[in-house]
>>> print(open('coords.cif').read())   # mmCIF, C-alpha atoms
data_data
loop_
_atom_site.label_atom_id
_atom_site.label_comp_id
_atom_site.auth_asym_id
_atom_site.auth_seq_id
_atom_site.Cartn_x
_atom_site.Cartn_y
_atom_site.Cartn_z
CA MET A 1 1.51 8.42 15.64
CA THR A 2 2.61 8.86 19.26
CA LYS A 3 6.10 7.67 18.40
CA LYS A 4 6.29 10.17 15.54
CA LEU A 5 5.22 13.03 17.81
CA THR A 6 7.74 11.95 20.46
CA LEU A 7 10.51 11.79 17.86
CA LEU A 8 9.50 15.19 16.47
CA GLY A 9 9.50 16.68 19.97
CA MET A 10 12.93 15.27 20.73
CA LEU A 11 14.24 16.60 17.44
CA SER A 12 12.76 20.06 18.15
CA ILE A 13 14.34 20.14 21.60
CA SER A 14 17.69 19.08 20.12
CA LEU A 15 17.56 21.77 17.45
CA PHE A 16 16.47 24.40 19.99
CA SER A 17 19.34 23.46 22.28
CA PHE A 18 21.74 23.73 19.37
CA ALA A 19 20.40 27.18 18.47
CA GLN A 20 20.77 28.32 22.06
CA GLN A 21 24.52 27.84 21.78
CA LYS A 22 24.89 29.93 18.64
CA PHE A 23 23.42 33.39 19.29
CA SER A 24 23.84 35.93 22.08
CA ILE A 25 22.06 39.25 22.56
CA ILE A 26 23.79 41.54 25.10
CA PRO A 27 22.02 44.79 26.10
CA SER A 28 23.46 47.00 28.84
CA ILE A 29 22.71 50.31 30.50
CA GLY A 30 24.78 52.44 32.85
CA TYR A 31 26.74 55.64 33.17
CA ALA A 32 29.63 57.05 31.14
CA TRP A 33 32.21 59.81 31.49
CA ARG A 34 33.85 61.66 28.61
CA THR A 35 37.61 61.90 29.08
CA ALA A 36 38.46 64.96 26.95
CA GLU A 37 40.06 67.78 28.96
CA ILE A 38 38.13 70.93 29.81
CA PRO A 39 39.60 73.95 27.97
CA LYS A 40 41.80 76.19 30.07
CA GLY A 41 41.22 79.88 30.63
CA ILE A 42 37.42 79.73 30.81
CA SER A 43 35.13 80.99 33.56
CA SER A 44 33.80 78.85 36.40
CA GLU A 45 30.32 79.14 34.87
CA GLN A 46 31.59 77.69 31.60
CA LYS A 47 33.45 74.91 33.43
CA ASP A 48 30.30 73.86 35.28
CA TYR A 49 28.38 73.94 32.03
CA ILE A 50 30.91 71.72 30.26
CA LYS A 51 31.09 69.33 33.23
CA GLY A 52 27.36 68.74 32.82
CA LEU A 53 28.03 67.38 29.32
CA LYS A 54 30.95 65.18 30.35
CA SER A 55 28.82 62.50 32.02
CA GLY A 56 25.54 60.89 31.05
CA ILE A 57 23.51 57.76 30.37
CA ASN A 58 25.18 55.04 28.32
CA PHE A 59 23.17 52.33 26.52
CA ASP A 60 24.44 49.67 24.16
CA ILE A 61 23.34 46.43 22.59
CA SER A 62 25.30 43.73 20.76
CA ALA A 63 24.27 40.68 18.77
CA TYR A 64 26.73 37.83 18.24
CA TYR A 65 26.95 34.57 16.34
CA HIS A 66 29.22 32.10 18.11
CA LEU A 67 31.80 30.18 16.11
CA LYS A 68 33.01 26.69 17.00
CA ASN A 69 35.64 28.04 19.40
CA GLU A 70 35.46 30.80 22.02
CA PHE A 71 35.12 33.56 19.43
CA ALA A 72 31.94 35.21 18.13
CA ILE A 73 31.23 37.79 15.43
CA GLY A 74 28.42 40.32 15.33
CA LEU A 75 27.28 43.92 15.44
CA LYS A 76 27.37 46.54 18.16
CA TYR A 77 25.39 49.75 18.75
CA SER A 78 25.84 52.25 21.59
CA ASN A 79 24.34 55.61 22.55
CA TYR A 80 25.57 58.22 25.02
CA SER A 81 23.22 61.04 26.11
CA ALA A 82 23.97 64.10 28.24
CA SER A 83 22.52 67.56 28.77
CA SER A 84 23.50 70.74 30.60
CA ASN A 85 21.82 74.02 31.55
CA ALA A 86 23.66 77.19 32.53
CA ARG A 87 23.54 80.96 32.60
CA ILE A 88 26.61 82.13 30.74
CA THR A 89 28.13 85.61 30.76
CA PHE A 90 30.07 86.64 27.65
CA GLN A 91 31.69 89.75 26.19
CA ASP A 92 31.16 91.07 22.68
CA VAL A 93 33.72 92.74 20.43
CA ASN A 94 32.81 96.16 21.85
CA GLY A 95 33.56 95.11 25.41
CA ASN A 96 29.94 94.90 26.51
CA PHE A 97 28.92 92.05 28.83
CA TYR A 98 25.80 89.98 28.30
CA SER A 99 24.33 86.94 30.03
CA GLY A 100 21.77 84.38 29.03
CA ASN A 101 20.47 80.90 29.70
CA ILE A 102 21.62 78.10 27.43
CA ASN A 103 20.64 74.45 27.19
CA THR A 104 22.66 71.82 25.33
CA LYS A 105 21.80 68.21 24.53
CA ASP A 106 24.50 65.82 23.31
CA HIS A 107 24.24 62.39 21.71
CA ILE A 108 27.17 60.18 20.70
CA THR A 109 26.39 56.96 18.83
CA PHE A 110 28.54 54.10 17.61
CA PHE A 111 27.64 51.35 15.17
CA GLY A 112 29.79 48.70 13.56
CA PRO A 113 30.96 45.08 13.35
CA SER A 114 32.61 43.52 16.38
CA VAL A 115 34.25 40.36 17.64
CA MET A 116 33.93 38.75 21.08
CA TYR A 117 35.93 36.25 23.10
CA SER A 118 34.05 34.52 25.92
CA ASN A 119 33.68 31.36 27.99
CA TYR A 120 29.92 31.26 27.38
CA ASN A 121 30.09 27.67 26.12
CA GLU A 122 31.72 26.36 29.28
CA GLU A 123 29.49 24.66 31.87
CA ILE A 124 30.36 27.10 34.69
CA LYS A 125 28.40 29.82 36.48
CA HIS A 126 31.05 32.54 36.20
CA LYS A 127 31.15 34.06 32.71
CA LEU A 128 33.71 36.44 31.21
CA PHE A 129 33.73 38.23 27.87
CA VAL A 130 35.83 40.76 25.97
CA ASP A 131 34.69 42.41 22.76
CA LEU A 132 36.04 44.93 20.28
CA GLY A 133 34.18 46.85 17.60
CA LEU A 134 35.28 49.16 14.78
CA GLY A 135 32.74 51.34 13.00
CA VAL A 136 31.23 54.78 12.68
CA ILE A 137 31.05 57.12 15.65
CA SER A 138 28.65 60.07 15.30
CA TYR A 139 28.08 63.18 17.38
CA VAL A 140 24.98 65.37 17.51
CA THR A 141 24.88 68.47 19.73
CA LYS A 142 22.06 71.00 19.91
CA THR A 143 22.05 74.34 21.71
CA GLY A 144 18.97 76.45 21.06
CA THR A 145 18.59 76.70 17.29
CA VAL A 146 22.19 75.66 16.58
CA LYS A 147 22.68 72.01 15.67
CA GLY A 148 26.08 70.45 15.14
CA THR A 149 26.75 67.05 13.58
CA GLY A 150 29.85 65.05 12.73
CA SER A 151 31.10 61.50 12.26
CA ASN A 152 34.33 59.58 11.88
CA LEU A 153 35.90 56.16 12.39
CA GLY A 154 35.46 54.97 15.97
CA MET A 155 36.31 52.06 18.25
CA GLU A 156 34.54 50.45 21.18
CA ALA A 157 35.85 47.81 23.60
CA ASN A 158 34.23 46.12 26.61
CA PHE A 159 35.17 43.72 29.39
CA GLY A 160 32.45 42.04 31.41
CA TYR A 161 31.88 39.56 34.20
CA GLN A 162 28.51 37.83 34.47
CA TYR A 163 26.86 35.20 36.60
CA ALA A 164 24.68 32.55 34.99
CA LEU A 165 21.25 32.76 36.63
CA ALA A 166 19.99 30.23 34.10
CA LYS A 167 21.48 28.21 31.26
CA ASN A 168 20.67 30.93 28.75
CA PHE A 169 20.61 34.08 30.89
CA PHE A 170 23.64 35.82 32.42
CA ILE A 171 23.93 39.18 34.18
CA GLY A 172 26.74 41.26 35.67
CA PRO A 173 28.88 44.43 35.46
CA LYS A 174 30.68 45.64 32.35
CA VAL A 175 33.42 48.24 31.82
CA GLY A 176 33.62 49.88 28.41
CA PHE A 177 35.81 52.29 26.46
CA THR A 178 34.77 54.24 23.37
CA ALA A 179 37.19 56.24 21.23
CA GLY A 180 36.78 58.68 18.37
CA THR A 181 37.86 62.17 17.29
CA LEU A 182 36.19 64.64 14.94
CA THR A 183 38.32 66.81 12.68
CA LYS A 184 35.32 68.72 11.36
CA MET A 185 31.63 69.28 12.08
CA LYS A 186 28.63 70.78 10.37
CA PHE A 187 26.75 73.53 12.21
CA ASN A 188 23.35 74.41 10.72
CA GLY A 189 24.60 73.24 7.34
CA GLN A 190 27.98 74.99 7.44
CA VAL A 191 31.12 72.84 7.64
CA VAL A 192 33.76 73.90 10.17
CA ASP A 193 37.26 72.36 10.05
CA PHE A 194 39.00 72.11 13.43
CA GLU A 195 42.63 72.91 14.14
CA ASP A 196 44.72 70.10 15.63
CA ASN A 197 44.31 71.47 19.16
CA GLN A 198 40.56 72.08 18.73
CA ARG A 199 39.40 68.65 17.58
CA GLU A 200 36.31 67.26 19.24
CA GLY A 201 37.32 64.28 21.38
CA LEU A 202 34.54 61.73 21.84
CA HIS A 203 36.44 59.31 24.10
CA ARG A 204 34.55 57.99 27.11
CA VAL A 205 34.63 55.24 29.72
CA SER A 206 31.47 53.53 30.94
CA LEU A 207 30.28 51.31 33.76
CA SER A 208 27.12 49.34 33.05
CA ALA A 209 24.96 46.40 34.02
CA ALA A 210 24.93 43.90 31.15
CA ALA A 211 22.58 40.99 30.52
CA THR A 212 23.12 38.16 28.04
CA PHE A 213 20.29 36.24 26.39
CA ARG A 214 21.37 33.11 24.49
CA PHE A 215 19.30 31.50 21.77
#
>>> encode(input="coords.cif", output="structure tokens")
Amino acid sequence: MTKKLTLLGMLSISLFSFAQQKFSIIPSIGYAWRTAEIPKGISSEQKDYIKGLKSGINFDISAYYHLKNEFAIGLKYSNYSASSNARITFQDVNGNFYSGNINTKDHITFFGPSVMYSNYNEEIKHKLFVDLGLGVISYVTKTGTVKGTGSNLGMEANFGYQYALAKNFFIGPKVGFTAGTLTKMKFNGQVVDFEDNQREGLHRVSLSAAATFRF
């Protein structure tokens, strides 16, 4: 009986070790900056308001299955959040000036399949990885009672360096790039098509702390 339990334990450890080399979960959190240019010819108040929406918190998480070589396949999800408050002065069609407080909250999400190249399987402390995902990028913006939504094909790429604190736990910095452009959006149910020079650019760069859990 003891021999059977010992054999079963050794088999369990062997299978667990094998599984540890096959799956990686990589969450990260940091800061991101949208790269679209600020429109020209607007007031300083409007510029400050837009600048508040051009940087925010960036969170993402990826799950990968490792193949026999250095490549892995999986899924990636990311979320960018930013908000801005301002008192904006504007002019109506009759030439009258008005001012009011506005608050905007933006969310940009990405979800799709991805591939990763890494040296995770090497017996070294210094780990490197590069990944690339193609999927759906979505944008939700809300100002007062006005809600705008839109989605399109998007891309996300990351490069990271990590240090192995344990056999199955790595941590380190990661630089990311997300790309996507909206040609139309829906505002409170009404679809608005953008001209070529008015498209909503969702590109951003991010700097995050990324952890890897291997199973």
>>> atom_distance(input="coords.cif", atom1="CA of Ala36 (chain A)", atom2="CA of Gly172 (chain A)")
27.8 Å
>>> closest_residue(input="coords.cif", among="A:Phe177, A:Phe71, A:Tyr163, A:Phe111", to="Val205 (chain A)", atoms="all atoms listed in the file")
A:Phe177
>>> atom_distance(input="coords.cif", atom1="CA of Pro113 (chain A)", atom2="CA of Ile57 (chain A)")
22.5 Å
>>> closest_residue(input="coords.cif", among="A:Leu207, A:Val146, A:Ile137, A:Leu165", to="Thr109 (chain A)", atoms="all atoms listed in the file")
A:Ile137
>>> residues_around(input="coords.cif", residues="region 187-196 of chain A", least_positions_apart="4", cutoff="10 Å", atoms="all atoms listed in the file", output="list in words")
Val140, Thr141, Lys142, Thr145, Val146, Lys147, Gly148, Thr149, Gly150, Leu182, Thr183 and Glu200 of chain A
>>> closest_residue(input="coords.cif", among="A:Asp60, A:Glu122, A:Glu70, A:Asp106", to="Glu156 (chain A)", atoms="all atoms listed in the file")
A:Asp60
>>> resolve_selection(input="coords.cif", expression="the PyMOL selection byres ((chain A and resi 75) around 9)", output="count of residues only")
14
>>> residues_around(input="coords.cif", residues="Ala179 (chain A)", least_positions_apart="3", cutoff="12 Å", atoms="all atoms listed in the file", output="ChimeraX atom specification")
/A:33-36,108-110,132-138,152-158,176,182,200-206
>>> atom_distance(input="coords.cif", atom1="CA of Tyr49 (chain A)", atom2="CA of Ala32 (chain A)")
17.0 Å
>>> resolve_selection(input="coords.cif", expression="the PyMOL selection byres ((chain A and resi 213) around 6)", output="PyMOL selection string")
chain A and resi 24-25+168-169+212+214
>>> resolve_selection(input="coords.cif", expression="the PyMOL selection byres ((chain A and resi 159) around 7)", output="ChimeraX atom specification")
/A:129-131,158,160,174-176
>>> axis_aligned_box(input="coords.cif", around="region 80-89 of chain A", padding_each_side="6 Å", output="JSON")
{"center_x": 25.0, "center_y": 71.9, "center_z": 28.8, "size_x": 18.3, "size_y": 39.4, "size_z": 19.6}
>>> closest_residue(input="coords.cif", among="A:Ser43, A:Asn79, A:Asn96, A:Asn58", to="Ala210 (chain A)", atoms="all atoms listed in the file")
A:Asn58
>>> residues_near_point(input="coords.cif", point="(19.0, 71.5, 26.0)", cutoff="10 Å", atoms="only C-alpha atoms", output="list in words")
Ala82, Ser83, Ser84, Asn85, Ala86, Ile102, Asn103, Thr104, Lys105, Asp106, Thr141, Lys142, Thr143 and Gly144 of chain A
>>> residues_around(input="coords.cif", residues="Ser208 (chain A)", least_positions_apart="4", cutoff="7 Å", atoms="all atoms listed in the file", output="ChimeraX atom specification")
/A:28-31,173-175
